[in-house]
$ cat work-v7.pdb   # PDB, C-alpha atoms
MODEL        1
ATOM      1  CA  MET A 260    -105.979 113.592 134.481
ATOM      2  CA  ALA A 261    -102.967 111.262 134.370
ATOM      3  CA  VAL A 262    -102.375 111.680 138.110
ATOM      4  CA  ALA A 263    -106.040 110.992 138.884
ATOM      5  CA  THR A 264    -105.961 107.875 136.718
ATOM      6  CA  ALA A 265    -102.817 106.615 138.430
ATOM      7  CA  VAL A 266    -104.346 107.198 141.864
ATOM      8  CA  ALA A 267    -107.517 105.363 140.845
ATOM      9  CA  LEU A 268    -105.516 102.412 139.547
ATOM     10  CA  LEU A 269    -103.419 102.260 142.727
ATOM     11  CA  ALA A 270    -106.568 102.350 144.836
ATOM     12  CA  ALA A 271    -108.069  99.583 142.738
ATOM     13  CA  LEU A 272    -104.895  97.529 143.101
ATOM     14  CA  GLY A 273    -104.833  98.025 146.875
ATOM     15  CA  GLY A 274    -108.468  97.037 147.125
ATOM     16  CA  THR A 275    -107.789  94.019 144.959
ATOM     17  CA  LEU A 276    -104.992  92.805 147.207
ATOM     18  CA  TRP A 277    -107.155  93.263 150.298
ATOM     19  CA  LEU A 278    -110.027  91.356 148.717
ATOM     20  CA  ALA A 279    -107.675  88.628 147.544
ATOM     21  CA  ALA A 280    -106.487  88.046 151.102
ATOM     22  CA  ARG A 281    -110.084  87.762 152.281
ATOM     23  CA  ARG A 282    -111.030  85.425 149.414
ATOM     24  CA  ILE A 283    -108.284  82.918 150.243
ATOM     25  CA  GLY A 284    -109.875  82.235 153.618
ATOM     26  CA  GLY A 285    -113.378  82.388 152.125
ATOM     27  CA  THR A 286    -112.578  79.831 149.435
ATOM     28  CA  ARG A 287    -111.216  77.400 152.014
ATOM     29  CA  ALA A 288    -114.313  77.772 154.195
ATOM     30  CA  GLN A 289    -116.689  77.389 151.254
ATOM     31  CA  ARG A 290    -114.955  74.287 150.022
ATOM     32  CA  LEU A 291    -115.209  72.657 153.436
ATOM     33  CA  HIS A 292    -118.885  73.594 153.637
ATOM     34  CA  GLY A 293    -119.799  72.273 150.210
ATOM     35  CA  GLY A 294    -117.327  69.459 149.845
ATOM     36  CA  GLY A 295    -117.840  66.977 152.659
ATOM     37  CA  ASP A 296    -115.772  63.913 153.474
ATOM     38  CA  SER A 297    -113.939  61.887 150.862
ATOM     39  CA  GLY A 298    -116.092  58.922 149.949
ATOM     40  CA  LEU A 299    -119.401  60.747 150.575
ATOM     41  CA  MET A 300    -120.486  60.004 146.996
ATOM     42  CA  ARG A 301    -118.933  56.540 146.780
ATOM     43  CA  GLY A 302    -121.037  54.243 144.594
ATOM     44  CA  LYS A 303    -123.071  57.094 143.099
ATOM     45  CA  THR A 304    -123.175  57.974 139.407
ATOM     46  CA  VAL A 305    -123.378  61.664 138.499
ATOM     47  CA  LEU A 306    -123.980  63.134 135.045
ATOM     48  CA  ILE A 307    -122.775  66.720 134.517
ATOM     49  CA  THR A 308    -123.456  68.594 131.289
ATOM     50  CA  GLY A 309    -120.740  70.994 130.156
ATOM     51  CA  ALA A 310    -118.218  69.398 132.494
ATOM     52  CA  ASN A 311    -115.056  70.234 130.554
ATOM     53  CA  SER A 312    -114.706  73.849 131.729
ATOM     54  CA  GLY A 313    -115.792  76.449 134.250
ATOM     55  CA  LEU A 314    -118.424  75.508 136.821
ATOM     56  CA  GLY A 315    -118.951  72.060 135.324
ATOM     57  CA  ARG A 316    -115.284  71.160 135.512
ATOM     58  CA  ALA A 317    -114.997  72.414 139.105
ATOM     59  CA  THR A 318    -118.122  70.461 140.065
ATOM     60  CA  ALA A 319    -116.779  67.326 138.399
ATOM     61  CA  ALA A 320    -113.428  67.651 140.169
ATOM     62  CA  GLU A 321    -114.986  67.931 143.617
ATOM     63  CA  LEU A 322    -117.555  65.149 143.160
ATOM     64  CA  LEU A 323    -114.804  62.941 141.756
ATOM     65  CA  ARG A 324    -112.779  63.636 144.887
ATOM     66  CA  LEU A 325    -115.818  62.619 146.942
ATOM     67  CA  GLY A 326    -115.818  59.224 145.235
ATOM     68  CA  ALA A 327    -118.561  59.680 142.628
ATOM     69  CA  ARG A 328    -118.545  58.060 139.216
ATOM     70  CA  VAL A 329    -118.711  61.191 137.071
ATOM     71  CA  ILE A 330    -120.025  61.177 133.502
ATOM     72  CA  MET A 331    -118.906  64.270 131.597
ATOM     73  CA  GLY A 332    -121.506  65.146 128.960
ATOM     74  CA  CYS A 333    -119.641  67.470 126.584
ATOM     75  CA  ARG A 334    -120.122  68.794 123.058
ATOM     76  CA  ASP A 335    -116.422  68.717 122.136
ATOM     77  CA  ARG A 336    -114.891  65.327 122.892
ATOM     78  CA  ALA A 337    -111.305  66.534 122.352
ATOM     79  CA  ARG A 338    -111.735  69.314 124.908
ATOM     80  CA  ALA A 339    -113.412  66.883 127.277
ATOM     81  CA  GLU A 340    -110.494  64.441 126.968
ATOM     82  CA  GLU A 341    -108.073  67.276 127.684
ATOM     83  CA  ALA A 342    -110.063  68.368 130.743
ATOM     84  CA  ALA A 343    -110.293  64.779 131.993
ATOM     85  CA  GLY A 344    -106.528  64.400 131.678
ATOM     86  CA  GLN A 345    -106.013  67.592 133.694
ATOM     87  CA  LEU A 346    -108.420  66.384 136.392
ATOM     88  CA  ARG A 347    -106.554  63.082 136.716
ATOM     89  CA  ARG A 348    -103.220  64.894 136.986
ATOM     90  CA  GLU A 349    -104.592  67.267 139.622
ATOM     91  CA  LEU A 350    -105.856  64.338 141.697
ATOM     92  CA  ARG A 351    -102.467  62.631 141.532
ATOM     93  CA  GLN A 352    -100.704  65.864 142.511
ATOM     94  CA  ALA A 353    -103.081  66.188 145.460
ATOM     95  CA  GLY A 354    -102.019  62.736 146.629
ATOM     96  CA  ASP A 355    -105.117  60.872 145.443
ATOM     97  CA  PRO A 356    -104.784  57.799 143.234
ATOM     98  CA  SER A 357    -105.995  57.909 139.632
ATOM     99  CA  PRO A 358    -109.813  57.997 139.260
ATOM    100  CA  GLY A 359    -111.324  54.529 139.115
ATOM    101  CA  PRO A 360    -113.469  51.983 140.923
ATOM    102  CA  ASP A 361    -110.901  51.487 143.707
ATOM    103  CA  ALA A 362    -112.848  51.785 146.977
ATOM    104  CA  GLY A 363    -110.037  53.754 148.607
ATOM    105  CA  GLY A 364    -109.582  56.436 145.940
ATOM    106  CA  PRO A 365    -111.543  59.011 143.991
ATOM    107  CA  GLY A 366    -114.382  58.046 141.684
ATOM    108  CA  GLU A 367    -114.341  57.021 138.045
ATOM    109  CA  LEU A 368    -114.369  59.502 135.156
ATOM    110  CA  VAL A 369    -116.361  58.796 131.967
ATOM    111  CA  ILE A 370    -116.602  60.976 128.843
ATOM    112  CA  LYS A 371    -119.605  61.049 126.514
ATOM    113  CA  GLU A 372    -120.461  63.351 123.629
ATOM    114  CA  LEU A 373    -123.542  65.506 124.126
ATOM    115  CA  ASP A 374    -124.552  68.514 122.032
ATOM    116  CA  LEU A 375    -127.509  70.261 123.653
ATOM    117  CA  ALA A 376    -128.019  72.323 120.498
ATOM    118  CA  SER A 377    -129.099  69.123 118.736
ATOM    119  CA  LEU A 378    -132.133  67.114 119.857
ATOM    120  CA  ARG A 379    -130.793  64.252 117.751
ATOM    121  CA  SER A 380    -127.576  64.303 119.799
ATOM    122  CA  VAL A 381    -129.534  64.435 123.069
ATOM    123  CA  ARG A 382    -131.606  61.393 122.067
ATOM    124  CA  ALA A 383    -128.544  59.435 120.929
ATOM    125  CA  PHE A 384    -126.722  60.306 124.153
ATOM    126  CA  CYS A 385    -129.637  59.171 126.314
ATOM    127  CA  GLN A 386    -130.112  55.966 124.341
ATOM    128  CA  GLU A 387    -126.452  55.054 124.843
ATOM    129  CA  LEU A 388    -126.483  56.012 128.510
ATOM    130  CA  LEU A 389    -129.638  53.998 129.224
ATOM    131  CA  GLN A 390    -128.068  50.956 127.584
ATOM    132  CA  GLU A 391    -124.791  51.238 129.495
ATOM    133  CA  GLU A 392    -125.665  52.667 132.913
ATOM    134  CA  PRO A 393    -127.638  50.624 135.467
ATOM    135  CA  ARG A 394    -128.283  53.699 137.622
ATOM    136  CA  LEU A 395    -128.107  57.481 137.718
ATOM    137  CA  ASP A 396    -128.046  59.107 141.148
ATOM    138  CA  VAL A 397    -127.531  62.754 140.240
ATOM    139  CA  LEU A 398    -128.167  64.755 137.059
ATOM    140  CA  ILE A 399    -126.613  68.232 136.992
ATOM    141  CA  ASN A 400    -127.936  70.432 134.185
ATOM    142  CA  ASN A 401    -124.954  72.776 134.105
ATOM    143  CA  ALA A 402    -124.094  73.580 130.479
ATOM    144  CA  GLY A 403    -125.164  76.908 129.059
ATOM    145  CA  ILE A 404    -124.576  79.602 126.488
ATOM    146  CA  PHE A 405    -124.519  83.285 127.408
ATOM    147  CA  GLN A 406    -125.567  86.335 125.379
ATOM    148  CA  CYS A 407    -124.547  85.019 121.981
ATOM    149  CA  PRO A 408    -125.416  86.752 118.683
ATOM    150  CA  TYR A 409    -128.653  85.544 117.138
ATOM    151  CA  MET A 410    -128.190  82.004 115.907
ATOM    152  CA  LYS A 411    -130.250  78.841 115.830
ATOM    153  CA  THR A 412    -129.812  75.291 117.009
ATOM    154  CA  GLU A 413    -129.812  72.331 114.643
ATOM    155  CA  ASP A 414    -133.577  72.118 115.134
ATOM    156  CA  GLY A 415    -134.212  75.793 114.441
ATOM    157  CA  PHE A 416    -134.573  77.125 117.982
ATOM    158  CA  GLU A 417    -133.006  80.363 119.215
ATOM    159  CA  MET A 418    -129.667  79.186 120.585
ATOM    160  CA  GLN A 419    -129.896  80.335 124.222
ATOM    161  CA  PHE A 420    -133.453  79.077 124.724
ATOM    162  CA  GLY A 421    -132.635  75.923 122.780
ATOM    163  CA  VAL A 422    -129.507  74.963 124.732
ATOM    164  CA  ASN A 423    -130.213  76.379 128.179
ATOM    165  CA  HIS A 424    -133.824  75.207 128.381
ATOM    166  CA  LEU A 425    -135.022  72.879 125.611
ATOM    167  CA  GLY A 426    -131.913  70.678 125.363
ATOM    168  CA  HIS A 427    -131.901  70.087 129.108
ATOM    169  CA  PHE A 428    -135.697  69.673 129.138
ATOM    170  CA  LEU A 429    -135.472  66.759 126.702
ATOM    171  CA  LEU A 430    -132.391  65.298 128.406
ATOM    172  CA  THR A 431    -134.068  65.286 131.809
ATOM    173  CA  ASN A 432    -137.309  63.796 130.537
ATOM    174  CA  LEU A 433    -135.522  60.972 128.717
ATOM    175  CA  LEU A 434    -133.544  60.104 131.870
ATOM    176  CA  LEU A 435    -136.422  60.334 134.357
ATOM    177  CA  GLY A 436    -137.090  56.603 134.252
ATOM    178  CA  LEU A 437    -133.502  55.796 135.220
ATOM    179  CA  LEU A 438    -133.505  58.460 137.928
ATOM    180  CA  LYS A 439    -136.719  57.035 139.386
ATOM    181  CA  SER A 440    -135.365  53.486 139.393
ATOM    182  CA  SER A 441    -132.204  54.793 141.136
ATOM    183  CA  ALA A 442    -134.113  56.708 143.824
ATOM    184  CA  PRO A 443    -133.356  58.402 146.077
ATOM    185  CA  SER A 444    -131.859  60.540 143.338
ATOM    186  CA  ARG A 445    -131.397  64.230 142.603
ATOM    187  CA  ILE A 446    -131.615  66.685 139.728
ATOM    188  CA  VAL A 447    -129.682  69.952 140.006
ATOM    189  CA  VAL A 448    -130.413  72.826 137.614
ATOM    190  CA  VAL A 449    -128.016  75.751 137.189
ATOM    191  CA  SER A 450    -129.858  79.027 136.568
ATOM    192  CA  SER A 451    -128.798  82.638 137.164
ATOM    193  CA  LYS A 452    -129.798  85.708 139.163
ATOM    194  CA  LEU A 453    -130.358  87.328 135.772
ATOM    195  CA  TYR A 454    -133.653  85.444 135.515
ATOM    196  CA  LYS A 455    -135.095  88.575 137.146
ATOM    197  CA  TYR A 456    -134.810  90.468 133.858
ATOM    198  CA  GLY A 457    -136.521  87.820 131.720
ATOM    199  CA  ASP A 458    -140.110  87.114 130.771
ATOM    200  CA  ILE A 459    -141.749  84.196 128.997
ATOM    201  CA  ASN A 460    -143.306  85.510 125.776
ATOM    202  CA  PHE A 461    -145.299  82.569 124.448
ATOM    203  CA  GLU A 462    -145.961  84.471 121.222
ATOM    204  CA  ASP A 463    -142.249  84.632 120.381
ATOM    205  CA  LEU A 464    -140.307  81.950 122.285
ATOM    206  CA  ASN A 465    -137.963  81.665 119.305
ATOM    207  CA  SER A 466    -137.188  85.415 119.339
ATOM    208  CA  GLU A 467    -137.907  85.766 115.635
ATOM    209  CA  GLN A 468    -139.854  89.005 116.054
ATOM    210  CA  ASN A 469    -137.304  90.634 118.330
ATOM    211  CA  TYR A 470    -133.894  89.501 119.633
ATOM    212  CA  ASN A 471    -132.028  91.002 122.549
ATOM    213  CA  LYS A 472    -129.190  88.718 123.620
ATOM    214  CA  SER A 473    -129.284  89.817 127.276
ATOM    215  CA  PHE A 474    -133.049  89.492 127.582
ATOM    216  CA  CYS A 475    -133.041  86.091 125.836
ATOM    217  CA  TYR A 476    -130.434  84.762 128.239
ATOM    218  CA  SER A 477    -132.550  85.951 131.177
ATOM    219  CA  ARG A 478    -135.609  84.321 129.611
ATOM    220  CA  SER A 479    -133.800  80.987 129.340
ATOM    221  CA  LYS A 480    -132.750  81.190 132.989
ATOM    222  CA  LEU A 481    -136.303  82.014 134.079
ATOM    223  CA  ALA A 482    -137.392  78.981 132.063
ATOM    224  CA  ASN A 483    -134.903  76.870 134.063
ATOM    225  CA  ILE A 484    -136.603  77.890 137.307
ATOM    226  CA  LEU A 485    -140.133  77.378 136.018
ATOM    227  CA  PHE A 486    -139.092  73.968 134.681
ATOM    228  CA  THR A 487    -137.613  73.013 138.058
ATOM    229  CA  ARG A 488    -140.719  73.965 139.978
ATOM    230  CA  GLU A 489    -143.089  72.162 137.600
ATOM    231  CA  LEU A 490    -140.855  69.077 137.544
ATOM    232  CA  ALA A 491    -140.770  69.042 141.357
ATOM    233  CA  ARG A 492    -144.571  69.032 141.357
ATOM    234  CA  ARG A 493    -144.674  66.115 138.899
ATOM    235  CA  LEU A 494    -142.079  64.149 140.869
ATOM    236  CA  GLU A 495    -143.847  64.300 144.212
ATOM    237  CA  GLY A 496    -143.835  60.871 145.863
ATOM    238  CA  THR A 497    -141.114  59.423 143.583
ATOM    239  CA  ASN A 498    -138.145  60.106 145.913
ATOM    240  CA  VAL A 499    -136.514  62.049 143.064
ATOM    241  CA  THR A 500    -135.845  65.667 144.011
ATOM    242  CA  VAL A 501    -135.017  68.644 141.817
ATOM    243  CA  ASN A 502    -133.642  72.011 142.898
ATOM    244  CA  VAL A 503    -132.326  75.053 141.063
ATOM    245  CA  LEU A 504    -129.492  77.434 141.917
ATOM    246  CA  HIS A 505    -127.647  80.551 140.904
ATOM    247  CA  PRO A 506    -123.837  80.379 141.189
ATOM    248  CA  GLY A 507    -123.241  84.129 141.455
ATOM    249  CA  ILE A 508    -120.819  85.979 139.180
ATOM    250  CA  VAL A 509    -118.058  83.554 138.257
ATOM    251  CA  ARG A 510    -114.865  83.816 136.215
ATOM    252  CA  THR A 511    -115.563  81.343 133.409
ATOM    253  CA  ASN A 512    -115.558  81.317 129.600
ATOM    254  CA  LEU A 513    -119.361  81.649 129.602
ATOM    255  CA  GLY A 514    -118.938  85.302 128.640
ATOM    256  CA  ARG A 515    -116.957  84.579 125.482
ATOM    257  CA  TYR A 516    -119.527  86.444 123.371
ATOM    258  CA  VAL A 517    -119.356  89.564 125.559
ATOM    259  CA  HIS A 518    -117.215  92.228 123.881
ATOM    260  CA  ILE A 519    -114.781  94.127 126.088
ATOM    261  CA  PRO A 520    -112.678  96.901 124.495
ATOM    262  CA  LEU A 521    -109.005  95.958 124.241
ATOM    263  CA  LEU A 522    -107.809  98.860 126.398
ATOM    264  CA  ALA A 523    -110.299  97.989 129.125
ATOM    265  CA  LYS A 524    -109.374  94.299 129.331
ATOM    266  CA  PRO A 525    -106.496  94.661 131.860
ATOM    267  CA  LEU A 526    -108.741  96.574 134.265
ATOM    268  CA  PHE A 527    -111.636  94.161 133.658
ATOM    269  CA  ASN A 528    -109.359  91.201 134.381
ATOM    270  CA  LEU A 529    -108.204  92.869 137.597
ATOM    271  CA  VAL A 530    -111.756  93.601 138.711
ATOM    272  CA  SER A 531    -113.009  90.121 137.798
ATOM    273  CA  TRP A 532    -110.162  88.516 139.734
ATOM    274  CA  ALA A 533    -111.012  90.622 142.772
ATOM    275  CA  PHE A 534    -114.802  90.539 142.734
ATOM    276  CA  PHE A 535    -115.895  87.477 140.728
ATOM    277  CA  LYS A 536    -115.962  83.998 142.204
ATOM    278  CA  SER A 537    -113.510  81.367 141.072
ATOM    279  CA  PRO A 538    -115.069  78.333 139.340
ATOM    280  CA  LEU A 539    -114.590  76.292 142.535
ATOM    281  CA  GLU A 540    -116.354  78.934 144.622
ATOM    282  CA  GLY A 541    -119.139  79.209 142.078
ATOM    283  CA  ALA A 542    -119.573  75.436 141.999
ATOM    284  CA  GLN A 543    -120.130  75.094 145.744
ATOM    285  CA  THR A 544    -123.924  75.242 145.575
ATOM    286  CA  SER A 545    -124.037  72.653 142.765
ATOM    287  CA  ILE A 546    -121.810  70.370 144.849
ATOM    288  CA  TYR A 547    -123.928  70.993 147.940
ATOM    289  CA  LEU A 548    -127.215  70.180 146.202
ATOM    290  CA  ALA A 549    -125.707  67.076 144.608
ATOM    291  CA  SER A 550    -124.118  65.605 147.721
ATOM    292  CA  SER A 551    -125.207  67.110 151.029
ATOM    293  CA  PRO A 552    -127.343  65.020 153.405
ATOM    294  CA  GLU A 553    -128.797  68.331 154.651
ATOM    295  CA  ILE A 554    -131.172  68.654 151.688
ATOM    296  CA  GLU A 555    -132.368  65.060 151.518
ATOM    297  CA  GLY A 556    -136.022  65.228 150.442
ATOM    298  CA  VAL A 557    -135.938  68.970 149.673
ATOM    299  CA  SER A 558    -137.389  69.723 146.228
ATOM    300  CA  GLY A 559    -138.541  72.624 144.078
ATOM    301  CA  LYS A 560    -136.389  75.203 145.884
ATOM    302  CA  TYR A 561    -134.032  77.946 144.700
ATOM    303  CA  PHE A 562    -130.540  78.181 146.230
ATOM    304  CA  GLY A 563    -127.578  80.547 146.275
ATOM    305  CA  ASP A 564    -124.372  80.188 148.317
ATOM    306  CA  CYS A 565    -125.671  76.860 149.690
ATOM    307  CA  LYS A 566    -128.757  78.533 151.197
ATOM    308  CA  GLU A 567    -132.375  78.669 150.083
ATOM    309  CA  GLU A 568    -133.382  82.040 148.603
ATOM    310  CA  GLU A 569    -136.673  83.687 147.710
ATOM    311  CA  LEU A 570    -137.913  83.974 144.137
ATOM    312  CA  LEU A 571    -139.764  86.753 142.376
ATOM    313  CA  PRO A 572    -143.491  86.052 141.846
ATOM    314  CA  LYS A 573    -143.011  85.543 138.083
ATOM    315  CA  ALA A 574    -140.700  82.605 138.794
ATOM    316  CA  MET A 575    -143.379  80.970 140.954
ATOM    317  CA  ASP A 576    -146.303  81.339 138.519
ATOM    318  CA  GLU A 577    -147.707  77.796 138.334
ATOM    319  CA  SER A 578    -149.888  78.464 135.300
ATOM    320  CA  VAL A 579    -146.934  79.824 133.294
ATOM    321  CA  ALA A 580    -144.769  76.887 134.424
ATOM    322  CA  ARG A 581    -147.361  74.349 133.266
ATOM    323  CA  LYS A 582    -147.924  76.101 129.951
ATOM    324  CA  LEU A 583    -144.172  76.297 129.329
ATOM    325  CA  TRP A 584    -143.880  72.581 130.117
ATOM    326  CA  ASP A 585    -146.675  71.679 127.696
ATOM    327  CA  ILE A 586    -145.230  73.813 124.883
ATOM    328  CA  SER A 587    -141.705  72.502 125.528
ATOM    329  CA  GLU A 588    -142.960  68.915 125.202
ATOM    330  CA  VAL A 589    -144.238  69.735 121.718
ATOM    331  CA  MET A 590    -141.117  71.696 120.722
ATOM    332  CA  VAL A 591    -138.739  68.830 121.582
ATOM    333  CA  GLY A 592    -141.009  66.163 120.106
ATOM    334  CA  ILE A 593    -142.116  64.374 123.268
ATOM    335  CA  LEU A 594    -145.695  65.148 122.224
ATOM    336  CA  LYS A 595    -146.740  65.526 118.606
TER     337      LYS A 595
ENDMDL
END
$ encode --input "work-v7.pdb" --output "C-alpha cells"
Amino acid sequence: MAVATAVALLAALGGTLWLAARRIGGTRAQRLHGGGDSGLMRGKTVLITGANSGLGRATAAELLRLGARVIMGCRDRARAEEAAGQLRRELRQAGDPSPGPDAGGPGELVIKELDLASLRSVRAFCQELLQEEPRLDVLINNAGIFQCPYMKTEDGFEMQFGVNHLGHFLLTNLLLGLLKSSAPSRIVVVSSKLYKYGDINFEDLNSEQNYNKSFCYSRSKLANILFTRELARRLEGTNVTVNVLHPGIVRTNLGRYVHIPLLAKPLFNLVSWAFFKSPLEGAQTSIYLASSPEIEGVSGKYFGDCKEEELLPKAMDESVARKLWDISEVMVGILK
C-alpha cells in the first residue's frame, strides 16, 4: 500500500511538472491574446466589483496596465487599500510609472466601498459614483460568494442569490443611465459553468424551504446568464452591450467555504496548481470582453476562453428571464 501510494504521488508530481511547463507558455499566449497594447483603454473608466482579490484583482491589474481608470468596488476597504498598494508596486517593478492620469503611463486606481449583501450599500455607492463620475465605459460584475453555509444578506435574501444576482442586478440598473450616456459602453457579467446544475424555483428563490449550497450557487449563476440575456434585449439600440462569461476553474479564495480534510490539502494544492487556472489566466475573458475591439457591438452572448460558447436551453428561456427580471425588480425595491 505504501509503495503504491508513493508511486502514485511520484506520477502526480511528474505530471504536475509537465503541465507546469506547458502552462508557462499557455499563460504568455493567453495574456497576449486578452491583453492588447498598452494604452488601449486610455481615457476609459472601468468599475470592477470584488477587485481586491482573485479574478477581480487580476482583471484590475491588466486593465490598469492598458491605461484604464479602474474603480475598485470592494466590501472591505482595508483589504482594497492593501490590494491597491500591491498593484502599484507591481506596476513600478514592471517598469511602469505609478497609476495616474499621466498619458504615458498606466491608468488611475480608485477605491470605493461596496457591499453587495446590502442594498443600502449598493444605493449609497451608486449615488456617490453618479455624483463624482462623468462617465462609465465598462461595468464588470465580478464579485461573488461560493457555496457558503445558509446565511442571509442584510435585506433577508439567501446570501448567494442576494450577492451574486440581486446585488449586481440593482447595481447595474442604477448605473444604466450613466452607461447609456457614456456609450459605446459595455457590461461584463462573470458567471460559471456550474450554471448547468441550477434551476430557477420561483416558489423558493430565498431557499427557505430547502437549502443546498452547491445547487444555490448554480442557481445564482444561471440567474446571471438569464439577467444578461434579458438586459441585452432591453438595451437594443442604446449602444450599450452586455455579455456573460465563465472563467473556468481558477485558483482563488472563492472556495473559502469548501471544506478540504487537512491530510488531503497538500495533494489538493498540488492538483490545483497543476490543473486550475491562475487568476490572470482566469481573468482573460473578462479582460477580452471589456477591452477587445473584436466584440464591438456584440451583446447577449456567453463566452469562455475568449470565445463564444453555446448555452443549455434553460439558460435561453426568454419567459423565465423576463419573469426573473420582474421579480428581481420587486425584490430590490425598483418596483413596489
$ resolve_selection --input "work-v7.pdb" --expression "the PyMOL selection byres ((chain A and resi 483) around 9)" --output "list in words"
Asn423, His424, His427, Phe428, Val448, Val449, Ser450, Ser451, Tyr454, Arg478, Ser479, Lys480, Leu481, Ala482, Ile484, Leu485, Phe486, Thr487, Arg488 and Val503 of chain A
$ resolve_selection --input "work-v7.pdb" --expression "the PyMOL selection byres ((chain A and resi 544-558) around 6)" --output "JSON list (two decimals) with C-alpha atoms, in the coordinates of the input"
[["chain", "number", "residue", "atom", "x", "y", "z"],
["A", 293, "GLY", "CA", -119.80, 72.27, 150.21],
["A", 491, "ALA", "CA", -140.77, 69.04, 141.36],
["A", 500, "THR", "CA", -135.84, 65.67, 144.01],
["A", 501, "VAL", "CA", -135.02, 68.64, 141.82],
["A", 502, "ASN", "CA", -133.64, 72.01, 142.90],
["A", 542, "ALA", "CA", -119.57, 75.44, 142.00],
["A", 543, "GLN", "CA", -120.13, 75.09, 145.74],
["A", 559, "GLY", "CA", -138.54, 72.62, 144.08],
["A", 560, "LYS", "CA", -136.39, 75.20, 145.88],
["A", 564, "ASP", "CA", -124.37, 80.19, 148.32],
["A", 565, "CYS", "CA", -125.67, 76.86, 149.69]]
$ resolve_selection --input "work-v7.pdb" --expression "the PyMOL selection byres ((chain A and resi 384) around 12)" --output "VMD selection string"
chain A and resid 306 308 330 to 334 370 to 375 377 to 383 385 to 392 426 429 to 431 433 to 434
$ atom_distance --input "work-v7.pdb" --atom1 "CA of Gly302 (chain A)" --atom2 "CA of Val499 (chain A)"
17.4 Å
$ atom_distance --input "work-v7.pdb" --atom1 "CA of Gly313 (chain A)" --atom2 "CA of Pro506 (chain A)"
11.3 Å
$ atom_distance --input "work-v7.pdb" --atom1 "CA of Leu594 (chain A)" --atom2 "CA of Gly457 (chain A)"
26.2 Å
$ residues_around --input "work-v7.pdb" --residues "Pro443 (chain A)" --least-positions-apart "2" --cutoff "10 Å" --atoms "all atoms listed in the file" --output "list of chain:residue names"
A:Leu395, A:Asp396, A:Val397, A:Leu438, A:Lys439, A:Ser440, A:Ser441, A:Arg445, A:Thr497, A:Asn498, A:Val499, A:Thr500, A:Glu555, A:Gly556
$ closest_residue --input "work-v7.pdb" --among "A:Glu367, A:Glu489, A:Glu495, A:Glu467" --to "Leu346 (chain A)" --atoms "all atoms listed in the file"
A:Glu367
$ closest_residue --input "work-v7.pdb" --among "A:Gly563, A:Pro408, A:Gly421, A:Gly507" --to "Ser473 (chain A)" --atoms "all atoms listed in the file"
A:Pro408
$ residues_around --input "work-v7.pdb" --residues "Ile593 (chain A)" --least-positions-apart "4" --cutoff "10 Å" --atoms "all atoms listed in the file" --output "number ranges by chain"
A: 429, 432-433, 585, 587-589
$ write_last_selection --input "work-v7.pdb" --atoms "C-alpha atoms" --output "PDB file, keeping the file's coordinate frame"
ATOM      1  CA  LEU A 429    -135.472  66.759 126.702  1.00  0.00           C
ATOM      2  CA  ASN A 432    -137.309  63.796 130.537  1.00  0.00           C
ATOM      3  CA  LEU A 433    -135.522  60.972 128.717  1.00  0.00           C
ATOM      4  CA  ASP A 585    -146.675  71.679 127.696  1.00  0.00           C
ATOM      5  CA  SER A 587    -141.705  72.502 125.528  1.00  0.00           C
ATOM      6  CA  GLU A 588    -142.960  68.915 125.202  1.00  0.00           C
ATOM      7  CA  VAL A 589    -144.238  69.735 121.718  1.00  0.00           C
TER       8      VAL A 589
END
$ residues_around --input "work-v7.pdb" --residues "Asn469 (chain A)" --least-positions-apart "5" --cutoff "12 Å" --atoms "only C-alpha atoms" --output "ChimeraX atom specification"
/A:409,417,460,462-464,474-475
